[in-house]
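This is data.txt. It holds compact mmCIF, C-alpha atoms.
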```txt
# COMPACT_ATOMS: atom_id res chain seq x y z
CA MET A 205 11.01 16.01 12.09
CA THR A 206 12.98 18.21 9.70
CA ASP A 207 14.32 16.96 6.41
CA GLU A 208 17.89 17.20 7.72
CA LEU A 209 17.06 15.05 10.74
CA LYS A 210 15.29 12.47 8.57
CA GLU A 211 18.25 12.34 6.21
CA LYS A 212 20.68 11.82 9.09
CA ARG A 213 18.50 9.06 10.60
CA LEU A 214 18.33 7.17 7.33
CA SER A 215 21.73 5.55 7.23
CA LEU A 216 22.87 3.43 4.31
CA SER A 217 22.70 0.29 6.43
CA LEU A 218 19.13 1.00 7.58
CA LEU A 219 17.96 1.86 4.07
CA THR A 220 19.66 -1.27 2.74
CA LEU A 221 18.00 -3.50 5.33
CA LYS A 222 14.56 -2.04 4.69
CA THR A 223 15.01 -2.07 0.91
CA VAL A 224 16.12 -5.72 0.91
CA ILE A 225 13.15 -6.76 3.03
CA VAL A 226 10.52 -4.74 1.15
CA HIS A 227 11.84 -5.63 -2.30
CA THR A 228 11.98 -9.35 -1.49
CA ILE A 229 8.45 -9.42 -0.04
CA THR A 230 6.86 -7.38 -2.84
CA TYR A 231 8.74 -9.41 -5.47
CA PHE A 232 7.37 -12.61 -3.96
CA VAL A 233 3.79 -11.33 -3.66
CA ALA A 234 3.69 -9.93 -7.21
CA GLY A 235 5.38 -13.05 -8.59
CA LEU A 236 2.98 -15.39 -6.80
CA LEU A 237 -0.03 -13.43 -8.07
CA ALA A 238 1.40 -13.38 -11.59
CA TYR A 239 2.09 -17.11 -11.48
CA LYS A 240 -1.42 -17.90 -10.30
CA LEU A 241 -3.33 -15.34 -12.40
CA GLY A 242 -1.05 -14.87 -15.41
CA GLY A 243 -0.73 -18.42 -16.71
CA TYR A 244 3.05 -18.42 -16.38
CA GLU A 245 3.40 -22.18 -16.31
CA LYS A 246 1.86 -22.49 -19.78
CA GLY A 247 3.17 -19.18 -21.15
CA PHE A 248 6.80 -19.82 -20.24
CA SER A 249 6.71 -23.28 -21.80
CA GLN A 250 5.66 -22.02 -25.25
CA PRO A 251 7.30 -19.71 -27.82
CA PRO A 252 8.20 -16.93 -27.80
CA LEU A 253 8.71 -16.85 -24.01
CA SER A 254 10.19 -20.35 -23.92
CA TYR A 255 13.11 -19.05 -26.00
CA PHE A 256 14.43 -16.94 -23.15
CA MET A 257 12.54 -17.84 -19.95
CA ARG A 258 13.19 -20.89 -17.81
CA PRO A 259 10.16 -23.10 -17.19
CA THR A 260 8.42 -22.42 -13.89
CA SER A 261 9.41 -25.92 -12.73
CA ASP A 262 13.13 -25.08 -12.97
CA ARG A 263 14.95 -25.15 -9.61
CA LEU A 264 16.50 -21.72 -10.29
CA VAL A 265 13.02 -20.25 -10.75
CA MET A 266 11.98 -21.82 -7.46
CA ALA A 267 15.09 -20.32 -5.83
CA GLY A 268 14.36 -16.88 -7.34
CA PRO A 269 13.24 -15.24 -4.08
CA LEU A 270 16.51 -16.28 -2.44
CA PHE A 271 18.43 -14.02 -4.85
CA GLN A 272 16.26 -10.96 -4.29
CA PRO A 273 18.23 -9.63 -1.31
CA VAL A 274 21.10 -9.02 -3.75
CA ARG A 275 18.81 -6.91 -5.91
CA GLY A 276 17.58 -5.14 -2.78
CA VAL A 277 21.16 -4.13 -1.96
CA ILE A 278 21.62 -2.79 -5.50
CA PHE A 279 18.38 -0.81 -5.22
CA ALA A 280 19.44 0.62 -1.85
CA LEU A 281 22.82 1.71 -3.22
CA ALA A 282 21.02 3.51 -6.05
CA LEU A 283 18.36 5.07 -3.79
CA TYR A 284 20.65 6.23 -0.99
CA PRO A 285 22.07 9.28 -2.81
CA LEU A 286 18.47 10.27 -3.67
CA ARG A 287 17.09 9.69 -0.16
CA ASN A 288 16.35 13.36 0.48
CA VAL A 289 14.18 13.60 -2.62
CA LEU A 290 12.55 10.19 -2.24
CA PHE A 291 11.89 9.89 1.48
CA THR A 292 11.45 13.43 2.83
CA GLN A 293 9.01 14.79 0.27
CA ARG A 294 5.27 14.36 0.76
CA ARG A 295 4.84 12.37 -2.46
CA GLY A 296 8.28 10.80 -2.49
CA TRP A 297 6.77 7.35 -2.98
CA LEU A 298 5.31 8.54 -6.27
CA THR A 299 8.68 9.90 -7.37
CA LEU A 300 10.26 6.57 -6.45
CA TRP A 301 7.60 4.66 -8.37
CA TRP A 302 8.07 6.82 -11.46
CA LEU A 303 11.86 6.43 -11.24
CA LEU A 304 11.51 2.65 -11.11
CA LEU A 305 9.01 2.59 -13.97
CA ALA A 306 10.96 4.99 -16.18
CA LEU A 307 14.39 3.43 -15.75
CA GLY A 308 13.62 -0.14 -14.80
CA VAL A 309 10.57 -0.96 -16.88
CA LEU A 310 9.77 1.39 -19.75
CA SER A 311 13.21 2.60 -20.79
CA THR A 312 15.59 -0.29 -20.09
CA PHE A 313 18.92 -0.44 -21.88
CA GLY A 314 18.02 -3.80 -23.39
CA PRO A 315 14.91 -5.09 -25.16
CA SER A 316 12.96 -6.25 -22.11
CA PRO A 317 9.35 -7.21 -22.78
CA GLY A 318 7.06 -4.24 -22.19
CA SER A 319 9.82 -1.67 -22.59
CA VAL A 320 10.12 0.69 -25.52
CA GLU A 321 13.08 -1.37 -26.75
CA GLY A 322 11.12 -4.60 -26.25
CA LEU A 323 8.23 -3.31 -28.31
CA ILE A 324 10.59 -2.35 -31.13
CA TYR A 325 13.12 -5.19 -31.20
CA THR A 326 11.43 -8.35 -29.92
CA THR A 327 9.04 -10.63 -31.73
CA ILE A 328 6.76 -10.87 -28.71
CA PRO A 329 3.36 -9.49 -29.75
CA PRO A 330 2.97 -5.92 -28.44
CA LEU A 331 -0.38 -6.64 -26.81
CA SER A 332 1.14 -9.56 -24.88
CA GLN A 333 3.95 -7.30 -23.70
CA ILE A 334 1.59 -4.56 -22.55
CA LEU A 335 -0.78 -7.00 -20.84
CA GLY A 336 2.20 -8.56 -19.07
CA LEU A 337 3.23 -5.26 -17.48
CA TRP A 338 0.75 -5.50 -14.61
CA GLU A 339 3.13 -7.64 -12.54
CA VAL A 340 5.98 -5.11 -12.60
CA LEU A 341 3.58 -2.19 -12.19
CA LEU A 342 2.13 -3.85 -9.10
CA GLN A 343 5.47 -4.85 -7.62
CA SER A 344 7.07 -1.45 -8.16
CA LEU A 345 4.00 0.31 -6.72
CA LEU A 346 3.94 -1.91 -3.63
CA PHE A 347 7.70 -1.54 -3.21
CA SER A 348 7.56 2.26 -3.47
CA ALA A 349 4.60 2.71 -1.15
CA VAL A 350 5.68 0.23 1.53
CA LEU A 351 9.34 1.34 1.58
CA PHE A 352 8.34 5.02 1.74
CA TYR A 353 5.91 4.34 4.59
CA TRP A 354 8.38 2.22 6.55
CA VAL A 355 11.24 4.71 6.18
CA ASN A 356 8.95 7.53 7.36
CA HIS A 357 7.47 5.57 10.29
CA PRO A 358 10.51 3.93 11.88
CA GLY A 359 8.89 3.68 15.32
CA LYS A 360 6.03 1.40 14.26
CA ARG A 361 7.06 -1.82 15.94
CA TRP A 362 4.15 -3.78 14.45
CA LEU A 363 5.43 -2.90 10.97
CA ASN A 364 8.99 -3.93 11.81
CA TRP A 365 7.74 -7.28 13.13
CA THR A 366 5.26 -7.89 10.31
CA LEU A 367 7.78 -7.19 7.55
CA GLY A 368 10.52 -9.11 9.35
CA ILE A 369 8.32 -12.19 9.74
CA ALA A 370 7.07 -11.93 6.14
CA PHE A 371 10.69 -11.72 4.91
CA PHE A 372 11.59 -14.82 6.94
CA ILE A 373 8.64 -16.72 5.46
CA VAL A 374 9.52 -15.63 1.90
CA MET A 375 13.08 -16.88 2.44
CA ILE A 376 12.14 -20.16 4.11
CA LEU A 377 9.48 -21.30 1.61
CA PRO A 378 11.81 -21.67 -1.40
CA LEU A 379 14.43 -23.32 0.81
CA LEU A 380 11.89 -25.87 2.01
CA GLY A 381 10.72 -26.42 -1.56
CA LEU A 382 14.26 -26.99 -2.77
CA LEU A 383 14.97 -29.37 0.11
CA VAL A 384 11.86 -31.40 -0.67
CA GLY A 385 13.15 -31.49 -4.23
CA LYS A 386 9.85 -31.24 -6.05
CA PRO A 387 9.36 -27.98 -7.93
CA ALA A 388 5.93 -26.40 -7.82
CA GLY A 389 3.59 -27.58 -10.56
CA THR A 390 5.10 -31.03 -10.96
CA THR A 391 3.60 -34.34 -9.97
```
Representation of the structure as structure tokens:
Amino acid sequence: MTDELKEKRLSLSLLTLKTVIVHTITYFVAGLLAYKLGGYEKGFSQPPLSYFMRPTSDRLVMAGPLFQPVRGVIFALALYPLRNVLFTQRRGWLTLWWLLLALGVLSTFGPSPGSVEGLIYTTIPPLSQILGLWEVLLQSLLFSAVLFYWVNHPGKRWLNWTLGIAFFIVMILPLLGLLVGKPAGTT
């Protein structure tokens, strides 16, 4: 398939749908791993993180995955004008990953932990910031690779079904948790 044909096939609505699904799933997977392996429950309840992070037992934190489709739409709107560079080139996934890392992680406009600004302006120890980057590195890598693959293999029905079912599960779990009314980690 030529680049022109690929670009024509990748409509804004299709890219938005795929971006929403892939972002939400990779956000959930990276967040779950970080919660389990990164000691978030304890870390978020103590300074300096407790000054600006909600505790992991907060209902908004539990509902976090439910808001990710909004971020997916924002990502898609930003990626769509760059679709020819990102999705038709052999290593477009790598370009996408670098774009996300450069603009969304390392060089944010505010002092986010792990960013250049965060290292300069926050009181969070630099080593803690750097060690905490693995979650966003993993999520952005998974997002870039999976979205690139899915966009470039639109006929793989197993992939459509797998990602669709995974998205449904990621959306239903927080809803069920909120309905039960007992945030994770509480007794």
Next item on the list: Give me the residues within 8 Å of Pro330 in chain A as an NGL selection string, counting all atoms listed in the file and dropping any in the same chain fewer than 4 places off.
Entry: :A and (318 or 323 or 334)
Check: Between CA of Val274 in chain A and CA of Arg294 in chain A, what is the spacing in Å?
Finding: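 For CA of Arg294 in chain A relative to CA of Val274 in chain A, the distance reads 28.6 Å.
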Notebook entry, point to check: Could you work out how far CA of Ser316 in chain A lies from CA of Ile328 in chain A, giving the answer in Å with one decimal?
Noted result: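 Taking CA of Ile328 in chain A as the start and CA of Ser316 in chain A as the end point, the length is 10.2 Å.
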Per-residue nearest contacts range 215-257 of chain A to range 342-364 of chain A, cut-off 9 Å, using all atoms listed in the file, as a Markdown table:
```
| residue | atom | partner | partner_atom | distance |
| --- | --- | --- | --- | --- |
| A:Leu218 | CA | A:Val355 | CA | 8.8 |
| A:Leu219 | CA | A:Val355 | CA | 7.6 |
| A:Lys222 | CA | A:Leu351 | CA | 7.0 |
| A:Thr223 | CA | A:Leu351 | CA | 6.7 |
| A:Val226 | CA | A:Phe347 | CA | 6.1 |
| A:His227 | CA | A:Phe347 | CA | 5.9 |
| A:Ile229 | CA | A:Phe347 | CA | 8.5 |
| A:Thr230 | CA | A:Gln343 | CA | 5.6 |
| A:Tyr231 | CA | A:Gln343 | CA | 6.0 |
| A:Phe232 | CA | A:Gln343 | CA | 8.8 |
| A:Val233 | CA | A:Gln343 | CA | 7.8 |
| A:Ala234 | CA | A:Gln343 | CA | 5.4 |
| A:Gly235 | CA | A:Gln343 | CA | 8.3 |
```
Note to self: So the first atom is CA of Ala370 in chain A and the second is CA of Asp262 in chain A; what is the distance between them in Å, to one decimal place?
What the structure shows: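 If I compute the distance from CA of Ala370 in chain A to CA of Asp262 in chain A, I get 24.0 Å.
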Next item on the list: Give me the residues within 12 Å of Leu304 in chain A as JSON, numbers by chain, counting only C-alpha atoms and dropping any in the same chain fewer than 2 places off.
Entry: {"A": [279, 282, 283, 290, 297, 298, 299, 300, 301, 302, 306, 307, 308, 309, 310, 311, 312, 340, 341, 342, 343, 344, 345, 346, 347, 348]}
Margin query: Under the rule that all atoms listed in the file are counted, which of A:Leu379, A:Leu214, A:Val277, A:Val265 is the nearest residue to Leu236 in chain A?
Written below: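 The shortest atom-to-atom distance to Leu236 in chain A comes from A:Val265.
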